[in-house]
Amino acid sequence: MTNRLRGEKQEPDQLHLNCQTEVEVKHGVGLHARPSVTFTRLAKSFPCSIEVAVNGSDVWLNGKSIIKIMGARIRKGSILRIRADGILAEEAIRALKDLIERNFDEDKKHGRTA
């Protein structure tokens with residue numbers, strides 16, 4: 001990710017970025033149906049391309065495809081590499097990483113505490 005300061009004016013070339021991050025899945029059962037839907041729905045809200053690789057694989061999956069994400073059978077403890085390319089790529093990476101780190105907000109939805 002870039003080291004741009006808040007409030008700094010973005011130039012057109014700064015809007016088109018290629019960003020990548022890693023995050024560990026800590027959700028109890030991994031990316032089953034609800035977390036997969038939540039992940040892909042958030043990914044689709046960004047205009048950039050988003051891809052995911054699982055546990056060091058060189059195979060990149062379309063992060064906006066529910067079929068690809070659920071089909072990857074991502075379990076607790078998996079390490080996801082998420083990359084985005086295009087407009088708002090940095091924001092997309094940050095939002096998706098935060099979502100995973102918050103356990104897909106499932107604890108709040110179901111009245112459970114962490």
# chains A, B, ... in the order shown; residues from 1 in each chain; ligands from 1

$ select_by_dssp --residues "region 12-108 of chain A" --states "strand (DSSP E or B)" --output "list in words"
His16, Leu17, Asn18, Cys19, Gln20, Thr21, Glu22, Val23, Glu24, Ser49, Ile50, Glu51, Val52, Ala53, Val54, Leu61, Asn62, Ile79, Leu80, Arg81, Ile82, Arg83, Ala84, Asp85, Gly86 and Ile87 of chain A

$ write_last_selection --atoms "N, CA and C atoms" --output "JSON list (two decimals), in the first residue's frame"
[["chain", "number", "residue", "atom", "x", "y", "z"],
["A", 16, "HIS", "N", -5.07, 4.92, -9.71],
["A", 16, "HIS", "CA", -4.92, 3.61, -10.32],
["A", 16, "HIS", "C", -3.72, 2.93, -9.69],
["A", 17, "LEU", "N", -3.98, 2.06, -8.73],
["A", 17, "LEU", "CA", -2.92, 1.44, -7.96],
["A", 17, "LEU", "C", -2.99, -0.06, -8.04],
["A", 18, "ASN", "N", -1.89, -0.70, -7.68],
["A", 18, "ASN", "CA", -1.84, -2.13, -7.52],
["A", 18, "ASN", "C", -1.40, -2.37, -6.08],
["A", 19, "CYS", "N", -2.26, -2.96, -5.25],
["A", 19, "CYS", "CA", -1.98, -3.15, -3.83],
["A", 19, "CYS", "C", -2.17, -4.61, -3.46],
["A", 20, "GLN", "N", -1.48, -5.02, -2.40],
["A", 20, "GLN", "CA", -1.59, -6.41, -1.94],
["A", 20, "GLN", "C", -1.40, -6.44, -0.42],
["A", 21, "THR", "N", -2.06, -7.40, 0.22],
["A", 21, "THR", "CA", -1.90, -7.60, 1.66],
["A", 21, "THR", "C", -2.08, -9.08, 1.98],
["A", 22, "GLU", "N", -1.71, -9.45, 3.20],
["A", 22, "GLU", "CA", -1.94, -10.80, 3.71],
["A", 22, "GLU", "C", -2.72, -10.71, 5.00],
["A", 23, "VAL", "N", -3.59, -11.69, 5.22],
["A", 23, "VAL", "CA", -4.37, -11.72, 6.45],
["A", 23, "VAL", "C", -4.73, -13.17, 6.77],
["A", 24, "GLU", "N", -4.74, -13.49, 8.06],
["A", 24, "GLU", "CA", -5.11, -14.83, 8.50],
["A", 24, "GLU", "C", -6.60, -14.88, 8.80],
["A", 49, "SER", "N", -10.17, -4.55, -9.89],
["A", 49, "SER", "CA", -10.15, -6.01, -9.87],
["A", 49, "SER", "C", -9.61, -6.47, -8.52],
["A", 50, "ILE", "N", -10.15, -7.55, -8.01],
["A", 50, "ILE", "CA", -9.73, -8.08, -6.71],
["A", 50, "ILE", "C", -9.52, -9.58, -6.87],
["A", 51, "GLU", "N", -8.35, -10.04, -6.42],
["A", 51, "GLU", "CA", -8.02, -11.45, -6.51],
["A", 51, "GLU", "C", -7.50, -11.96, -5.17],
["A", 52, "VAL", "N", -7.69, -13.26, -4.93],
["A", 52, "VAL", "CA", -7.31, -13.88, -3.67],
["A", 52, "VAL", "C", -6.50, -15.14, -3.96],
["A", 53, "ALA", "N", -5.41, -15.32, -3.21],
["A", 53, "ALA", "CA", -4.63, -16.56, -3.24],
["A", 53, "ALA", "C", -4.63, -17.13, -1.82],
["A", 54, "VAL", "N", -4.75, -18.43, -1.71],
["A", 54, "VAL", "CA", -4.90, -19.08, -0.41],
["A", 54, "VAL", "C", -3.64, -19.88, -0.07],
["A", 61, "LEU", "N", -7.66, -16.29, -7.45],
["A", 61, "LEU", "CA", -9.09, -16.44, -7.67],
["A", 61, "LEU", "C", -9.76, -15.08, -7.75],
["A", 62, "ASN", "N", -10.82, -14.99, -8.53],
["A", 62, "ASN", "CA", -11.58, -13.76, -8.61],
["A", 62, "ASN", "C", -12.27, -13.51, -7.27],
["A", 79, "ILE", "N", -4.10, -18.48, 5.29],
["A", 79, "ILE", "CA", -3.52, -17.17, 5.03],
["A", 79, "ILE", "C", -3.97, -16.75, 3.64],
["A", 80, "LEU", "N", -4.67, -15.62, 3.59],
["A", 80, "LEU", "CA", -5.13, -15.08, 2.31],
["A", 80, "LEU", "C", -4.21, -13.96, 1.86],
["A", 81, "ARG", "N", -3.82, -14.02, 0.61],
["A", 81, "ARG", "CA", -3.17, -12.88, -0.03],
["A", 81, "ARG", "C", -4.25, -12.25, -0.90],
["A", 82, "ILE", "N", -4.48, -10.99, -0.68],
["A", 82, "ILE", "CA", -5.50, -10.27, -1.43],
["A", 82, "ILE", "C", -4.80, -9.19, -2.21],
["A", 83, "ARG", "N", -5.09, -9.13, -3.50],
["A", 83, "ARG", "CA", -4.51, -8.06, -4.31],
["A", 83, "ARG", "C", -5.61, -7.38, -5.11],
["A", 84, "ALA", "N", -5.40, -6.11, -5.33],
["A", 84, "ALA", "CA", -6.36, -5.31, -6.09],
["A", 84, "ALA", "C", -5.59, -4.45, -7.07],
["A", 85, "ASP", "N", -6.19, -4.23, -8.20],
["A", 85, "ASP", "CA", -5.57, -3.41, -9.23],
["A", 85, "ASP", "C", -6.63, -2.50, -9.84],
["A", 86, "GLY", "N", -6.36, -1.20, -9.79],
["A", 86, "GLY", "CA", -7.28, -0.26, -10.40],
["A", 86, "GLY", "C", -7.68, 0.85, -9.45],
["A", 87, "ILE", "N", -8.75, 1.50, -9.83],
["A", 87, "ILE", "CA", -9.27, 2.63, -9.06],
["A", 87, "ILE", "C", -9.74, 2.15, -7.70]]

$ residues_around --residues "Gly30 (chain A)" --least-positions-apart "5" --cutoff "7 Å" --atoms "only C-alpha atoms" --output "list in words"
Val25, Ile74, Arg75 and Lys76 of chain A

$ residues_around --residues "Ile67 (chain A)" --least-positions-apart "4" --cutoff "10 Å" --atoms "only C-alpha atoms" --output "PDB file with C-alpha atoms, in the first residue's frame"
ATOM      1  CA  SER A  36     -18.147 -15.657   1.515  1.00  0.00           C
ATOM      2  CA  VAL A  37     -21.209 -13.641   0.542  1.00  0.00           C
ATOM      3  CA  THR A  40     -17.682 -10.920  -2.306  1.00  0.00           C
ATOM      4  CA  LEU A  61      -9.095 -16.444  -7.667  1.00  0.00           C
ATOM      5  CA  ASN A  62     -11.585 -13.758  -8.613  1.00  0.00           C
ATOM      6  CA  GLY A  63     -12.430 -12.137  -5.263  1.00  0.00           C
ATOM      7  CA  GLY A  71     -15.056 -23.319  -3.901  1.00  0.00           C
ATOM      8  CA  ALA A  72     -11.637 -22.542  -2.409  1.00  0.00           C
TER       9      ALA A  72
END

$ closest_residue --among "A:Gly77, A:Leu42, A:Ile69, A:Asn55" --to "Asp98 (chain A)" --atoms "only C-alpha atoms"
A:Leu42

$ atom_distance --atom1 "CA of Arg94 (chain A)" --atom2 "CA of Phe39 (chain A)"
12.5 Å

$ closest_residue --among "A:Pro47, A:Ala33, A:Ala89, A:Thr38" --to "Phe104 (chain A)" --atoms "only C-alpha atoms"
A:Thr38

$ atom_distance --atom1 "CA of Val29 (chain A)" --atom2 "CA of Leu99 (chain A)"
15.3 Å

$ atom_distance --atom1 "CA of Pro35 (chain A)" --atom2 "CA of Leu88 (chain A)"
22.2 Å

$ decode --residues "region 73-92 of chain A" --atoms "N, CA, C and O atoms" --output "short mmCIF file (atom, residue, chain, number, x, y, z; two decimals), in the first residue's frame"
data_model
loop_
_atom_site.label_atom_id
_atom_site.label_comp_id
_atom_site.auth_asym_id
_atom_site.auth_seq_id
_atom_site.Cartn_x
_atom_site.Cartn_y
_atom_site.Cartn_z
N ARG A 73 -12.72 -23.38 -0.40
CA ARG A 73 -12.80 -24.04 0.91
C ARG A 73 -11.79 -23.45 1.90
O ARG A 73 -10.94 -24.15 2.45
N ILE A 74 -11.90 -22.16 2.08
CA ILE A 74 -10.97 -21.43 2.95
C ILE A 74 -11.34 -21.69 4.40
O ILE A 74 -12.44 -21.37 4.84
N ARG A 75 -10.44 -22.27 5.15
CA ARG A 75 -10.68 -22.68 6.54
C ARG A 75 -10.00 -21.74 7.52
O ARG A 75 -9.13 -20.95 7.17
N LYS A 76 -10.37 -21.90 8.79
CA LYS A 76 -9.72 -21.15 9.86
C LYS A 76 -8.22 -21.45 9.81
O LYS A 76 -7.81 -22.58 9.64
N GLY A 77 -7.42 -20.38 9.96
CA GLY A 77 -5.98 -20.52 9.93
C GLY A 77 -5.37 -20.32 8.55
O GLY A 77 -4.16 -20.22 8.41
N SER A 78 -6.22 -20.27 7.52
CA SER A 78 -5.72 -20.03 6.17
C SER A 78 -5.15 -18.62 6.08
O SER A 78 -5.65 -17.69 6.71
N ILE A 79 -4.10 -18.48 5.29
CA ILE A 79 -3.52 -17.17 5.03
C ILE A 79 -3.97 -16.75 3.64
O ILE A 79 -3.73 -17.44 2.65
N LEU A 80 -4.67 -15.62 3.59
CA LEU A 80 -5.13 -15.08 2.31
C LEU A 80 -4.21 -13.96 1.86
O LEU A 80 -3.88 -13.07 2.65
N ARG A 81 -3.82 -14.02 0.61
CA ARG A 81 -3.17 -12.88 -0.03
C ARG A 81 -4.25 -12.25 -0.90
O ARG A 81 -4.89 -12.93 -1.70
N ILE A 82 -4.48 -10.99 -0.68
CA ILE A 82 -5.50 -10.27 -1.43
C ILE A 82 -4.80 -9.19 -2.21
O ILE A 82 -4.01 -8.42 -1.66
N ARG A 83 -5.09 -9.13 -3.50
CA ARG A 83 -4.51 -8.06 -4.31
C ARG A 83 -5.61 -7.38 -5.11
O ARG A 83 -6.62 -7.99 -5.46
N ALA A 84 -5.40 -6.11 -5.33
CA ALA A 84 -6.36 -5.31 -6.09
C ALA A 84 -5.59 -4.45 -7.07
O ALA A 84 -4.48 -4.00 -6.79
N ASP A 85 -6.19 -4.23 -8.20
CA ASP A 85 -5.57 -3.41 -9.23
C ASP A 85 -6.63 -2.50 -9.84
O ASP A 85 -7.66 -2.99 -10.28
N GLY A 86 -6.36 -1.20 -9.79
CA GLY A 86 -7.28 -0.26 -10.40
C GLY A 86 -7.68 0.85 -9.45
O GLY A 86 -7.05 1.09 -8.42
N ILE A 87 -8.75 1.50 -9.83
CA ILE A 87 -9.27 2.63 -9.06
C ILE A 87 -9.74 2.15 -7.70
O ILE A 87 -10.44 1.14 -7.60
N LEU A 88 -9.34 2.85 -6.65
CA LEU A 88 -9.68 2.56 -5.25
C LEU A 88 -9.12 1.22 -4.75
O LEU A 88 -9.63 0.64 -3.80
N ALA A 89 -8.05 0.75 -5.37
CA ALA A 89 -7.45 -0.53 -4.97
C ALA A 89 -7.00 -0.51 -3.51
O ALA A 89 -7.24 -1.47 -2.77
N GLU A 90 -6.37 0.56 -3.10
CA GLU A 90 -5.88 0.64 -1.72
C GLU A 90 -7.03 0.57 -0.72
O GLU A 90 -6.97 -0.14 0.28
N GLU A 91 -8.12 1.29 -1.00
CA GLU A 91 -9.28 1.28 -0.12
C GLU A 91 -9.93 -0.10 -0.09
O GLU A 91 -10.38 -0.55 0.96
N ALA A 92 -9.96 -0.77 -1.23
CA ALA A 92 -10.56 -2.11 -1.30
C ALA A 92 -9.77 -3.09 -0.44
O ALA A 92 -10.35 -3.85 0.35
#
